[in-house]
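Structure below is run.cif: mmCIF, C-alpha atoms.
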data_final
loop_
_atom_site.label_atom_id
_atom_site.label_comp_id
_atom_site.auth_asym_id
_atom_site.auth_seq_id
_atom_site.Cartn_x
_atom_site.Cartn_y
_atom_site.Cartn_z
CA MET W 205 0.00 0.00 0.00
CA GLU W 206 1.38 3.38 -0.96
CA PRO W 207 1.75 5.66 2.05
CA VAL W 208 0.14 8.93 2.97
CA ILE W 209 2.92 11.51 2.65
CA VAL W 210 2.81 14.37 5.12
CA ILE W 211 4.84 17.37 3.91
CA GLY W 212 6.00 19.32 6.93
CA GLY W 213 7.60 18.01 10.10
CA GLY W 214 6.63 20.75 12.54
CA PRO W 215 3.67 20.65 14.95
CA ALA W 216 1.03 20.51 12.18
CA GLY W 217 2.87 17.71 10.41
CA ALA W 218 3.34 15.82 13.67
CA LEU W 219 -0.36 16.08 14.50
CA ALA W 220 -1.27 14.93 10.99
CA ALA W 221 1.10 11.95 11.12
CA ILE W 222 -0.11 10.94 14.59
CA ALA W 223 -3.78 11.14 13.59
CA VAL W 224 -3.40 9.30 10.28
CA SER W 225 -1.17 6.53 11.67
CA ARG W 226 -3.39 5.96 14.71
CA HIS W 227 -6.82 6.22 13.17
CA SER W 228 -6.74 5.52 9.44
CA GLY W 229 -4.82 2.28 9.14
CA ARG W 230 -2.65 3.84 6.41
CA PRO W 231 1.17 3.92 6.48
CA VAL W 232 2.61 7.42 6.88
CA VAL W 233 5.85 9.03 5.71
CA VAL W 234 6.88 12.56 6.73
CA VAL W 235 8.91 14.71 4.33
CA ASP W 236 10.83 17.56 5.92
CA PRO W 237 14.48 18.67 5.67
CA ALA W 238 14.79 19.07 9.46
CA ALA W 239 16.86 16.51 11.32
CA ALA W 240 14.17 16.01 13.99
CA LEU W 241 10.39 15.96 13.68
CA GLY W 242 7.74 17.43 15.94
CA PRO W 243 8.81 20.64 17.66
CA GLY W 244 9.29 22.83 14.61
CA SER W 245 10.59 26.32 15.40
CA ALA W 246 7.93 27.31 17.94
CA TYR W 247 8.48 24.38 20.31
CA ALA W 248 12.19 23.79 19.84
CA THR W 249 13.11 26.63 22.19
CA ARG W 250 15.01 25.77 25.38
CA GLU W 251 14.49 29.15 27.00
CA PRO W 252 12.63 28.40 30.27
CA SER W 253 10.70 31.67 30.11
CA HIS W 254 9.09 30.66 26.80
CA LEU W 255 5.82 29.21 28.03
CA LEU W 256 2.86 27.81 26.16
CA ASN W 257 0.19 30.39 25.41
CA SER W 258 -2.54 27.84 26.20
CA ARG W 259 -3.21 25.80 29.32
CA ALA W 260 -1.79 22.29 29.44
CA GLY W 261 -5.26 20.79 29.53
CA SER W 262 -5.99 21.90 25.96
CA MET W 263 -2.74 20.69 24.37
CA SER W 264 -3.14 16.93 23.97
CA VAL W 265 -2.27 15.51 20.54
CA ASP W 266 -5.38 13.32 20.62
CA PRO W 267 -8.91 14.73 21.04
CA CYS W 268 -9.94 11.33 22.40
CA ALA W 269 -7.49 11.75 25.31
CA PRO W 270 -7.75 15.43 26.30
CA GLY W 271 -5.65 15.02 29.46
CA ASP W 272 -2.76 13.27 27.76
CA PHE W 273 -0.28 16.16 27.72
CA ALA W 274 -0.98 17.19 31.32
CA ALA W 275 -0.51 13.57 32.41
CA TRP W 276 2.72 13.30 30.40
CA ALA W 277 4.06 16.54 31.91
CA ARG W 278 2.71 15.61 35.38
CA CYS W 279 1.16 19.01 35.77
CA SER W 280 -2.18 20.65 36.38
CA GLY W 281 -4.39 21.13 33.34
CA ASP W 282 -4.58 24.82 34.26
CA SER W 283 -0.80 25.32 34.15
CA PHE W 284 1.32 26.91 31.42
CA GLN W 285 4.23 24.63 30.63
CA PRO W 286 7.58 25.42 28.91
CA ARG W 287 7.29 25.24 25.14
CA GLY W 288 10.43 23.15 24.81
CA GLY W 289 8.80 20.47 26.94
CA TYR W 290 5.80 20.46 24.65
CA GLY W 291 8.15 19.95 21.71
CA ASP W 292 9.54 16.88 23.49
CA TYR W 293 6.00 15.62 24.00
CA LEU W 294 5.15 16.03 20.32
CA ALA W 295 8.28 14.15 19.28
CA GLN W 296 7.64 11.33 21.74
CA ARG W 297 4.01 10.87 20.75
CA LEU W 298 5.00 10.94 17.07
CA GLY W 299 7.51 8.15 17.62
CA ALA W 300 9.66 6.57 14.95
CA VAL W 301 7.59 7.51 11.91
CA PRO W 302 9.44 7.09 8.58
CA HIS W 303 11.14 10.38 7.79
CA ILE W 304 12.61 11.59 4.51
CA ALA W 305 14.93 14.48 5.40
CA ARG W 306 14.54 16.27 2.09
CA ARG W 307 12.61 19.28 0.83
CA ALA W 308 9.48 18.64 -1.23
CA LEU W 309 9.76 20.63 -4.46
CA ARG W 310 6.64 19.61 -6.35
CA VAL W 311 3.49 17.53 -5.93
CA ARG W 312 1.89 16.21 -9.10
CA PRO W 313 -0.78 13.67 -10.08
CA ALA W 314 0.62 10.23 -10.88
CA GLY W 315 -2.49 8.60 -12.34
CA ALA W 316 -5.14 6.33 -10.84
CA GLY W 317 -5.74 8.73 -7.98
CA ARG W 318 -2.11 8.59 -6.82
CA TRP W 319 0.46 11.33 -6.30
CA ALA W 320 4.14 11.86 -6.90
CA VAL W 321 6.23 14.03 -4.58
CA GLU W 322 9.45 15.32 -6.16
CA LEU W 323 12.25 15.82 -3.64
CA SER W 324 15.31 18.05 -3.47
CA ASP W 325 17.70 15.11 -3.99
CA GLY W 326 16.20 14.40 -7.41
CA THR W 327 14.14 11.39 -6.31
CA THR W 328 10.36 10.97 -6.45
CA ARG W 329 8.12 9.25 -3.88
CA ARG W 330 4.67 7.91 -4.63
CA ALA W 331 1.71 8.47 -2.30
CA SER W 332 -1.97 7.58 -2.06
CA ASP W 333 -2.67 11.00 -0.51
CA VAL W 334 -0.60 14.06 0.40
CA VAL W 335 -1.14 16.19 3.50
CA LEU W 336 0.19 19.74 3.21
CA ALA W 337 1.20 20.72 6.75
CA LEU W 338 3.64 23.44 5.77
CA GLY W 339 3.29 25.74 8.75
CA PRO W 340 3.10 29.54 8.50
CA PRO W 341 4.91 31.46 5.74
CA PRO W 342 7.99 33.45 6.80
CA PRO W 343 7.61 37.16 7.63
CA VAL W 344 7.68 39.58 4.71
CA PHE W 345 10.69 41.86 4.35
CA PRO W 346 9.61 45.31 5.66
CA ALA W 347 8.31 47.52 2.88
CA ALA W 348 9.92 50.57 4.48
CA ALA W 349 13.39 49.01 4.54
CA ALA W 350 16.11 49.92 2.09
CA VAL W 351 17.58 47.09 0.04
CA GLY W 352 20.82 47.02 2.04
CA VAL W 353 18.97 46.25 5.27
CA ARG W 354 18.39 42.66 4.18
CA ARG W 355 22.14 41.93 4.18
CA ALA W 356 23.05 44.03 7.22
CA PRO W 357 24.55 41.97 10.08
CA GLY W 358 22.19 43.54 12.63
CA TYR W 359 19.01 42.64 10.75
CA VAL W 360 17.22 39.49 11.99
CA PRO W 361 14.68 38.33 9.36
CA LEU W 362 13.33 35.37 11.37
CA PRO W 363 13.83 35.43 15.14
CA TRP W 364 13.00 31.72 15.47
CA THR W 365 16.04 30.62 13.47
CA PRO W 366 18.42 28.92 15.95
CA GLY W 367 20.96 31.47 17.15
CA ALA W 368 19.18 34.35 15.38
CA LEU W 369 19.57 36.72 18.35
CA ASP W 370 23.09 35.62 19.31
CA ARG W 371 24.77 38.51 17.50
CA ILE W 372 22.85 41.12 19.52
CA ALA W 373 25.14 42.41 22.26
CA ALA W 374 23.82 43.22 25.73
CA PRO W 375 24.05 47.04 25.38
CA ASP W 376 22.62 47.15 21.83
CA ARG W 377 19.59 49.32 21.04
CA VAL W 378 17.09 46.88 19.55
CA LEU W 379 14.02 47.59 17.43
CA LEU W 380 11.35 44.89 17.24
CA LEU W 381 9.02 45.23 14.24
CA GLY W 382 5.75 43.99 15.74
CA THR W 383 4.22 43.74 19.21
CA GLY W 384 2.65 40.28 19.07
CA LEU W 385 3.68 36.96 20.57
CA THR W 386 6.86 36.74 18.48
CA ALA W 387 8.00 40.10 19.82
CA VAL W 388 7.18 38.96 23.35
CA ASP W 389 9.37 35.88 22.85
CA ALA W 390 12.22 38.03 21.54
CA VAL W 391 12.01 40.28 24.61
CA LEU W 392 12.03 37.25 26.93
CA THR W 393 15.10 35.82 25.17
CA LEU W 394 17.02 39.08 25.35
CA LEU W 395 16.15 39.72 29.00
CA ALA W 396 17.12 36.17 29.97
CA ARG W 397 20.56 36.83 28.46
CA GLY W 398 21.04 39.94 30.56
CA HIS W 399 20.28 42.50 27.89
CA THR W 400 20.84 46.05 29.14
CA GLY W 401 20.16 48.14 26.04
CA ARG W 402 16.83 49.73 25.25
CA ILE W 403 14.32 47.48 23.46
CA VAL W 404 11.64 49.24 21.42
CA ALA W 405 8.68 47.33 19.96
CA VAL W 406 6.63 49.12 17.29
CA SER W 407 3.43 48.16 15.49
CA ARG W 408 0.60 50.06 13.87
CA HIS W 409 -1.64 49.79 16.96
CA GLY W 410 1.03 49.21 19.60
CA LEU W 411 -1.06 46.40 21.13
CA LEU W 412 0.53 43.67 23.25
CA PRO W 413 -1.13 40.28 23.84
CA ARG W 414 -3.38 40.32 26.90
CA ALA W 415 -2.76 38.01 29.86
CA HIS W 416 -4.47 34.81 30.89
CA THR W 417 -5.81 34.59 34.41
CA ASP W 418 -4.18 32.12 36.80
CA GLN W 419 -7.34 30.01 36.79
CA ALA W 420 -9.54 29.48 33.77
CA ALA W 421 -12.87 31.27 33.96
CA PRO W 422 -16.06 29.32 33.18
CA VAL W 423 -16.92 29.89 29.54
CA ALA W 424 -20.20 31.58 28.73
CA LEU W 425 -21.92 32.75 25.56
CA SER W 426 -25.45 33.14 24.28
CA ALA W 427 -26.81 30.00 22.67
CA ASP W 428 -27.69 31.88 19.48
CA LEU W 429 -24.83 33.89 18.05
CA PRO W 430 -25.97 37.20 16.58
CA PRO W 431 -25.35 37.58 12.84
CA GLY W 432 -22.90 40.18 11.60
CA LEU W 433 -19.90 41.87 13.15
CA ARG W 434 -21.74 44.72 14.85
CA ALA W 435 -24.10 42.41 16.72
CA LEU W 436 -21.21 40.18 17.72
CA LEU W 437 -19.29 43.17 19.10
CA ARG W 438 -22.34 44.13 21.17
CA GLU W 439 -22.41 40.60 22.57
CA LEU W 440 -18.75 40.82 23.57
CA ARG W 441 -19.16 44.26 25.15
CA ARG W 442 -22.11 43.07 27.24
CA SER W 443 -20.09 40.24 28.77
CA THR W 444 -18.99 40.55 32.39
CA ASP W 445 -15.77 38.59 31.75
CA TRP W 446 -14.30 39.11 28.28
CA ARG W 447 -11.89 36.18 28.68
CA ALA W 448 -14.74 33.75 29.31
CA THR W 449 -16.67 35.10 26.35
CA VAL W 450 -13.69 34.97 23.98
CA ASP W 451 -12.89 31.41 25.07
CA ALA W 452 -16.51 30.35 24.61
CA LEU W 453 -16.60 31.96 21.18
CA ARG W 454 -13.40 30.24 20.02
CA PRO W 455 -14.99 26.91 18.93
CA ARG W 456 -17.70 28.86 17.10
CA VAL W 457 -15.57 31.45 15.35
CA ASP W 458 -15.59 29.55 12.07
CA GLU W 459 -19.39 29.49 12.17
CA VAL W 460 -19.36 33.28 12.51
CA TRP W 461 -16.62 33.68 9.88
CA ALA W 462 -18.54 31.53 7.40
CA GLY W 463 -21.58 33.78 7.78
CA LEU W 464 -19.69 36.97 6.87
CA THR W 465 -19.54 38.39 3.38
CA ASP W 466 -16.15 39.01 1.78
CA GLU W 467 -16.61 42.73 2.41
CA GLU W 468 -17.36 42.12 6.11
CA ARG W 469 -14.27 39.95 6.34
CA ARG W 470 -12.14 42.68 4.77
CA ARG W 471 -13.61 45.20 7.19
CA PHE W 472 -12.76 42.88 10.07
CA LEU W 473 -9.19 42.56 8.83
CA ARG W 474 -8.83 46.35 8.56
CA HIS W 475 -10.37 47.37 11.86
CA LEU W 476 -10.84 44.47 14.28
CA ALA W 477 -8.43 41.63 13.54
CA ARG W 478 -5.57 42.93 15.67
CA TRP W 479 -7.89 43.61 18.62
CA TRP W 480 -9.29 40.09 18.37
CA GLU W 481 -5.80 38.57 18.17
CA VAL W 482 -4.47 40.21 21.34
CA HIS W 483 -7.51 39.07 23.31
CA ARG W 484 -7.67 35.60 21.77
CA HIS W 485 -3.93 34.71 21.75
CA ARG W 486 -2.98 35.61 25.29
CA CYS W 487 0.24 35.29 27.32
CA ALA W 488 0.79 33.06 30.30
CA PRO W 489 0.58 35.08 33.55
CA PRO W 490 4.35 34.85 34.33
CA VAL W 491 5.18 36.05 30.81
CA ALA W 492 2.79 39.00 31.10
CA ALA W 493 4.33 39.89 34.47
CA THR W 494 7.86 39.90 32.99
CA ILE W 495 6.79 42.13 30.11
CA ALA W 496 4.98 44.52 32.48
CA ALA W 497 8.07 44.77 34.70
CA ALA W 498 10.29 45.47 31.66
CA ARG W 499 7.98 48.28 30.57
CA SER W 500 7.82 49.69 34.07
CA SER W 501 11.62 49.80 34.36
CA GLY W 502 12.04 51.36 30.92
CA ALA W 503 13.91 48.33 29.53
CA LEU W 504 11.06 47.87 27.03
CA VAL W 505 9.18 50.60 25.20
CA VAL W 506 6.05 49.74 23.22
CA ALA W 507 4.98 52.29 20.62
CA ALA W 508 2.15 52.66 18.12
CA GLY W 509 3.07 53.94 14.70
CA ARG W 510 3.96 53.03 11.16
CA VAL W 511 7.62 52.49 10.34
CA THR W 512 8.19 54.61 7.25
CA ASP W 513 11.93 54.19 6.69
CA ILE W 514 14.72 51.82 7.71
CA ARG W 515 18.20 52.39 6.34
CA THR W 516 21.67 51.24 7.22
CA VAL W 517 24.30 53.59 8.61
CA PRO W 518 27.95 52.87 9.50
CA ARG W 519 26.99 51.80 13.03
CA GLY W 520 23.63 50.08 12.64
CA PHE W 521 20.36 51.53 11.42
CA GLU W 522 18.34 54.71 11.32
CA VAL W 523 14.59 54.20 11.63
CA THR W 524 11.77 56.68 11.05
CA VAL W 525 8.38 56.07 12.64
CA GLY W 526 5.68 58.23 11.10
CA ASP W 527 7.12 61.72 10.92
CA SER W 528 9.46 61.27 13.90
CA GLY W 529 13.08 60.31 13.86
CA PRO W 530 15.27 59.01 12.48
CA TRP W 531 16.16 57.02 15.59
CA PRO W 532 19.39 55.01 15.93
CA PHE W 533 19.34 51.24 16.51
CA ASP W 534 22.04 48.59 16.55
CA ALA W 535 19.70 45.72 15.61
CA VAL W 536 16.32 45.34 13.89
CA VAL W 537 14.31 42.14 14.46
CA ASN W 538 11.39 41.27 12.18
CA CYS W 539 8.62 40.07 14.51
CA THR W 540 5.74 40.84 12.16
CA GLY W 541 4.45 37.28 12.08
CA PRO W 542 3.44 35.06 9.15
CA GLY W 543 3.73 36.58 5.70
CA HIS W 544 1.97 35.91 2.41
CA PRO W 545 1.47 32.22 1.47
CA ALA W 546 3.47 32.86 -1.71
CA GLY W 547 6.47 33.00 0.61
CA LEU W 548 6.39 29.19 0.62
CA SER W 549 8.01 27.79 -2.50
CA LEU W 550 5.82 24.67 -2.60
CA VAL W 551 2.70 26.85 -2.53
CA ARG W 552 4.00 28.82 -5.51
CA THR W 553 4.59 25.56 -7.38
CA LEU W 554 1.11 24.23 -6.55
CA VAL W 555 -0.46 27.45 -7.83
CA ALA W 556 1.67 27.41 -11.00
CA ASP W 557 0.63 23.80 -11.65
CA GLY W 558 -3.08 24.63 -11.24
CA LEU W 559 -3.47 22.52 -8.07
CA ALA W 560 -4.16 25.50 -5.80
CA ARG W 561 -5.13 29.14 -5.90
CA ALA W 562 -5.12 32.02 -3.45
CA ASP W 563 -8.20 32.56 -1.33
CA PRO W 564 -10.15 35.78 -1.99
CA LEU W 565 -8.51 37.59 0.96
CA GLY W 566 -4.96 36.46 0.20
CA LEU W 567 -4.61 34.91 3.67
CA GLY W 568 -3.87 31.38 2.49
CA ILE W 569 -4.96 29.06 -0.28
CA ASP W 570 -8.56 28.44 -1.26
CA VAL W 571 -9.93 25.18 0.19
CA ASP W 572 -13.28 23.42 0.28
CA ALA W 573 -15.17 22.43 3.43
CA ALA W 574 -13.08 19.27 3.76
CA GLY W 575 -9.75 21.07 3.47
CA HIS W 576 -8.96 20.06 -0.12
CA PRO W 577 -7.24 22.84 -2.09
CA THR W 578 -9.27 24.41 -4.86
CA GLY W 579 -7.59 24.10 -8.23
CA ARG W 580 -7.31 26.68 -10.97
CA ASP W 581 -10.61 25.48 -12.47
CA GLY W 582 -12.48 25.95 -9.18
CA SER W 583 -12.78 22.24 -8.38
CA PRO W 584 -11.47 20.68 -5.16
CA VAL W 585 -8.35 18.60 -5.65
CA GLU W 586 -9.12 15.22 -4.10
CA GLY W 587 -6.15 13.47 -2.54
CA LEU W 588 -4.50 16.69 -1.35
CA HIS W 589 -5.30 17.83 2.19
CA VAL W 590 -4.39 21.21 3.72
CA LEU W 591 -3.82 21.73 7.45
CA GLY W 592 -3.17 24.76 9.59
CA SER W 593 -2.42 28.35 8.68
CA LEU W 594 -2.87 27.91 4.91
CA ARG W 595 -6.60 27.40 5.56
CA ARG W 596 -6.90 30.92 6.98
CA GLY W 597 -9.07 32.32 4.22
CA ARG W 598 -11.84 29.82 4.90
CA TRP W 599 -11.30 29.27 8.63
CA TRP W 600 -10.20 32.09 10.88
CA GLU W 601 -9.31 29.82 13.81
CA THR W 602 -6.80 27.51 12.17
CA THR W 603 -3.36 28.24 13.63
CA ALA W 604 -3.44 26.84 17.19
CA ILE W 605 -2.85 23.26 18.31
CA PRO W 606 -6.50 22.42 19.23
CA GLU W 607 -7.82 23.51 15.83
CA ILE W 608 -5.04 21.83 13.83
CA ARG W 609 -5.50 18.67 15.88
CA THR W 610 -9.20 18.60 14.98
CA GLN W 611 -8.36 19.09 11.30
CA ALA W 612 -5.80 16.28 11.43
CA TYR W 613 -8.27 13.81 12.88
CA ALA W 614 -10.89 14.81 10.33
CA VAL W 615 -8.39 13.97 7.57
CA ALA W 616 -7.60 10.65 9.27
CA ALA W 617 -11.30 9.80 9.44
CA ARG W 618 -11.72 10.46 5.72
CA LEU W 619 -8.69 8.30 4.90
CA ALA W 620 -9.77 5.39 7.09
CA ASP W 621 -10.71 2.16 5.36
CA PRO W 622 -13.52 1.58 6.15
CA PRO W 623 -14.30 5.25 6.79
CA ALA W 624 -14.26 6.06 10.51
CA THR W 625 -16.41 8.44 12.49
CA HIS W 626 -14.44 11.53 13.41
CA ALA W 627 -14.03 11.27 17.18
CA ALA W 628 -13.34 14.95 17.67
#
If you convert what's in this file into structure tokens, what do you get?
Amino acid sequence: MEPVIVIGGGPAGALAAIAVSRHSGRPVVVVDPAAALGPGSAYATREPSHLLNSRAGSMSVDPCAPGDFAAWARCSGDSFQPRGGYGDYLAQRLGAVPHIARRALRVRPAGAGRWAVELSDGTTRRASDVVLALGPPPPVFPAAAAVGVRRAPGYVPLPWTPGALDRIAAPDRVLLLGTGLTAVDAVLTLLARGHTGRIVAVSRHGLLPRAHTDQAAPVALSADLPPGLRALLRELRRSTDWRATVDALRPRVDEVWAGLTDEERRRFLRHLARWWEVHRHRCAPPVAATIAAARSSGALVVAAGRVTDIRTVPRGFEVTVGDSGPWPFDAVVNCTGPGHPAGLSLVRTLVADGLARADPLGLGIDVDAAGHPTGRDGSPVEGLHVLGSLRRGRWWETTAIPEIRTQAYAVAARLADPPATHAA
């Protein structure tokens, strides 16, 4: 039997391989150039201050065993565990799955409902189905940056690359482009290394992720969700505990998203998306406390504004924010988060071959209700399955472990022979 090939060996690929191997009866092979599978960049960190942004009780790899991670870590389900430990958990639960440590360059039909995956070493592997678990695209190079910035030694294009922040000296003046969770992680890393220079984080709104409470609040939401964004905002504003309301809304976000027109979705992206993100993707309480202390001491400055110019100078960079500046910095770290899906070479190839197309909002690739990519002709491409952030145009909540896990088990249920009932 030809295997199911999972392209991507990070968390999404690990969840897909675990689900398919456990619940479909199909053999699985993972294709990823990394030496080790499971943690990816987000969960490979060994910095103790990098904690999960969700409680341990929600992080099991298997929806049928929701307490599995907390039991493995021997911790309370309400706790926030180190991310490196979660990476170990993913790798252990994945086990010794066959791994081809090569880059997938192209996926093409091979006749009779089969697929061929062309690899970077010139070989081709056959598959019955292919799961695209590619993870988020890399950040986009800042539009305001001069060409020379890209090659400057103080510019960090991807802070999750191992050793990316090693060249930043303790007294350096550091600019973080972005104020989301990636920027928070960069601050934690620098502070843990004894950084003494000023750290400035800039984004258009200057919003930092909000904090979780020590104990989870009981979730609560009206049984009937109001249609439209305005009515939904009224519902949120009426709530006595916004955290409980946001958490209750999370499993139903895709229902709300599906009911919006394309224009309403664009309006949400322009005006509300960042506000939703900082309330939905929150920090663990100890992380929030560290960031608050850094701001209070002046070690961290968070500013709202649009960076309009970044250029290199003999000793670092000069940066203009709005009409102010230029301000001197020794290092610039791109913490803007996932970029355009075209930043992934395999996505570009799929689109060029007619096996995928961009979604109407340009957030990912167009997929049908089952997660199959939509081809150039508008038809779903059976045999290809998309997981995670590339689904963003159709599903808004598609980047966190619980949602990707559910998608992975839905794929496994469809691949099962005989077809299985999706346990999630």
Exercise for the section: Take the PyMOL selection byres ((chain W and resi 581-592) around 7), apply it to the structure above, and return the hits as an NGL selection string. Expected result: :W and (216 or 333-337 or 339 or 559 or 572 or 575-580 or 593-595 or 602-603 or 608 or 611)
Any chance you could export the current selection's C-alpha atoms as a JSON list (two decimals), in the coordinates of the input?
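Saved to result-v8.json:
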[["chain", "number", "residue", "atom", "x", "y", "z"],
["W", 216, "ALA", "CA", 1.03, 20.51, 12.18],
["W", 333, "ASP", "CA", -2.67, 11.00, -0.51],
["W", 334, "VAL", "CA", -0.60, 14.06, 0.40],
["W", 335, "VAL", "CA", -1.14, 16.19, 3.50],
["W", 336, "LEU", "CA", 0.19, 19.74, 3.21],
["W", 337, "ALA", "CA", 1.20, 20.72, 6.75],
["W", 339, "GLY", "CA", 3.29, 25.74, 8.75],
["W", 559, "LEU", "CA", -3.47, 22.52, -8.07],
["W", 572, "ASP", "CA", -13.28, 23.42, 0.28],
["W", 575, "GLY", "CA", -9.75, 21.07, 3.47],
["W", 576, "HIS", "CA", -8.96, 20.06, -0.12],
["W", 577, "PRO", "CA", -7.24, 22.84, -2.09],
["W", 578, "THR", "CA", -9.27, 24.41, -4.86],
["W", 579, "GLY", "CA", -7.59, 24.10, -8.23],
["W", 580, "ARG", "CA", -7.31, 26.68, -10.97],
["W", 593, "SER", "CA", -2.42, 28.35, 8.68],
["W", 594, "LEU", "CA", -2.87, 27.91, 4.91],
["W", 595, "ARG", "CA", -6.60, 27.40, 5.56],
["W", 602, "THR", "CA", -6.80, 27.51, 12.17],
["W", 603, "THR", "CA", -3.36, 28.24, 13.63],
["W", 608, "ILE", "CA", -5.04, 21.83, 13.83],
["W", 611, "GLN", "CA", -8.36, 19.09, 11.30]]
Handout entry: Residues matched by the PyMOL selection byres ((chain W and resi 440) around 12) as a PyMOL selection string
Key = chain W and resi 424-426+429-430+433-439+441-453+480+483
Problem - Given all atoms listed in the file as the counted atoms, nearest of W:Gly281, W:Pro455, W:Pro286, W:Gly326 to Ala246 (chain W) - result: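 With all atoms listed in the file as the atom set, the closest residue is W:Pro286.
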Problem - Expansion of the PyMOL selection byres ((chain W and resi 542-550) around 8) into residues, as a list in words - result: Ala308, Leu309, Arg310, Pro340, Pro341, Pro342, Pro343, Val344, Thr540, Gly541, Val551, Arg552, Thr553, Leu554, Gly566, Leu567, Gly568, Ile569 and Leu594 of chain W
Problem - For Gly382 (chain W): contacts at 7 Å, only C-alpha atoms, fewer than 6 positions along chain excluded, given as a list in words - result: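 Within the cut-off, the hits are Ala405, Val406, Ser407, Cys539 and Thr540 of chain W.
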Practice task
In Å, rounded to a single decimal, give me how far CA of Arg408 (chain W) is from CA of Arg470 (chain W).
Solution key: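 Going from CA of Arg470 (chain W) over to CA of Arg408 (chain W), I get 17.3 Å.
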Do a neighbour search on Val388 (chain W) at 10 Å with only C-alpha atoms, toss out local chain neighbours closer than 6 positions, and write the hits as a compact mmCIF listing (two decimals) with C-alpha atoms, in the coordinates of the input.
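What landed in out-v6.txt:
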# COMPACT_ATOMS: atom_id res chain seq x y z
CA HIS W 254 9.09 30.66 26.80
CA LEU W 380 11.35 44.89 17.24
CA GLY W 382 5.75 43.99 15.74
CA ALA W 405 8.68 47.33 19.96
CA LEU W 412 0.53 43.67 23.25
CA PRO W 413 -1.13 40.28 23.84
CA CYS W 487 0.24 35.29 27.32
CA VAL W 491 5.18 36.05 30.81
CA ALA W 492 2.79 39.00 31.10
CA THR W 494 7.86 39.90 32.99
CA ILE W 495 6.79 42.13 30.11
CA CYS W 539 8.62 40.07 14.51
Handout entry: Pick from W:Arg402, W:Ala387, W:Val523, W:Asp282, whichever lies nearest to Ala421 (chain W) using all atoms listed in the file
Key =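 Checking each candidate against Ala421 (chain W), we get W:Asp282 as the closest.
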Handout entry: Of the listed residues W:Gly520, W:Gly214, W:Gly299, W:Gly509, that which approaches Val536 (chain W) most closely, counting only C-alpha atoms
Key = W:Gly520
Handout entry: Nearby residues (only C-alpha atoms) at most 12 Å from Tyr613 (chain W), same-chain spacing under 6 positions excluded, as number ranges by chain
Key = W: 216, 218-228, 265-268, 574-575, 589, 591, 606-607, 619-620, 624-628
Exercise for the section: Between W:Ala320, W:Leu379, W:Ala560, W:Leu369, single out the one closest to Thr393 (chain W), counting all atoms listed in the file. Expected result: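 Among the listed residues, the smallest separation from Thr393 (chain W) belongs to W:Leu369.
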Practice task
Just give me the gap between CA of Phe472 (chain W) and CA of Arg456 (chain W) in Å, one decimal is fine.
Solution key: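 These atoms are spaced 16.4 Å apart.
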